[in-house]
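Contents: one structure, followed by commentary.
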Amino acid sequence: MAYEKIQYSKEWKILKELSKGQGLQELNQVQIDASLNRKINWFLYGGASEVISMIKEIYGDRALKEFYQFLNYFISDPDTWGHYCHSDKINADIKTIEDATQGLDFKEYLEDLKKELVEQDKQKGRK
């Protein structure tokens, strides 16, 4: 059958369990907000991390630190000259994500993300 090889996301698996009345204890902020997860996933795999990695490989750790400082400057005063400008979509996303993630411990979220990335690499057979 064609559907035998479908890999369901963590979110769909949880919804399936909930539809059966199971897994309510698992909902401890499993899914903060799909758009935040997608944005972080894009950052890690869609290009931004590649650029950061290139800066480190070509110019070294010191240059990477300088780039992080520049990036912090760039986003520090949004919508002013020489800084990042928010689009209407980003403003709407910020509001949605902010509302959905109230009480989220972002450090804990990143620790969970590290574990998830290791598991994904193991499943893919990466070293």
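In the structure tokens, chains take the letters A, B, ... in the order shown, each chain's residues start at 1, and ligands count up from 1 in the order shown.
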A:His83: which residues within 8 Å, counting only C-alpha atoms, same-chain residues fewer than 5 positions away excluded, as a short mmCIF file (atom, residue, chain, number, x, y, z; two decimals) with N, CA, C and O atoms, in the first residue's frame?
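For reference, part_22.cif as written:
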```
data_model
loop_
_atom_site.label_atom_id
_atom_site.label_comp_id
_atom_site.auth_asym_id
_atom_site.auth_seq_id
_atom_site.Cartn_x
_atom_site.Cartn_y
_atom_site.Cartn_z
N TYR A 73 23.62 43.95 16.81
CA TYR A 73 23.43 45.37 16.50
C TYR A 73 22.31 45.53 15.47
O TYR A 73 21.41 46.37 15.63
N PHE A 74 22.35 44.73 14.41
CA PHE A 74 21.42 44.85 13.29
C PHE A 74 19.97 44.68 13.74
O PHE A 74 19.08 45.38 13.27
N ILE A 75 19.73 43.77 14.69
CA ILE A 75 18.34 43.54 15.15
C ILE A 75 18.00 44.32 16.42
O ILE A 75 16.87 44.25 16.89
N SER A 76 18.97 45.07 16.96
CA SER A 76 18.76 45.73 18.26
C SER A 76 17.78 46.89 18.22
O SER A 76 17.17 47.20 19.23
N ASP A 77 17.63 47.55 17.10
CA ASP A 77 16.75 48.71 17.02
C ASP A 77 15.94 48.62 15.72
O ASP A 77 16.17 49.38 14.78
N PRO A 78 15.01 47.66 15.67
CA PRO A 78 14.31 47.42 14.41
C PRO A 78 13.56 48.65 13.90
O PRO A 78 13.15 49.51 14.68
#
```
Nearest-residue call for A:Ile90, choices A:Asp61, A:Ile55, A:Ser49, A:Lys39, using only C-alpha atoms: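 When distances to A:Ile90 are compared using only C-alpha atoms, the smallest one comes from A:Lys39.
Our summary of the geometry notes that atom CA of A:Ser35 is positioned 11.3 Å from atom CA of A:Thr101.
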Just how far from atom CA of A:Asn37 is atom CA of A:Ile97, in Å to one decimal?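 Between these atoms lies a distance of 10.0 Å.
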Quick one: distance from atom CA of A:Asp88 to atom CA of A:Gly103 in Å, one decimal?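 Interatomic distance, atom CA of A:Asp88 to atom CA of A:Gly103: 25.0 Å.
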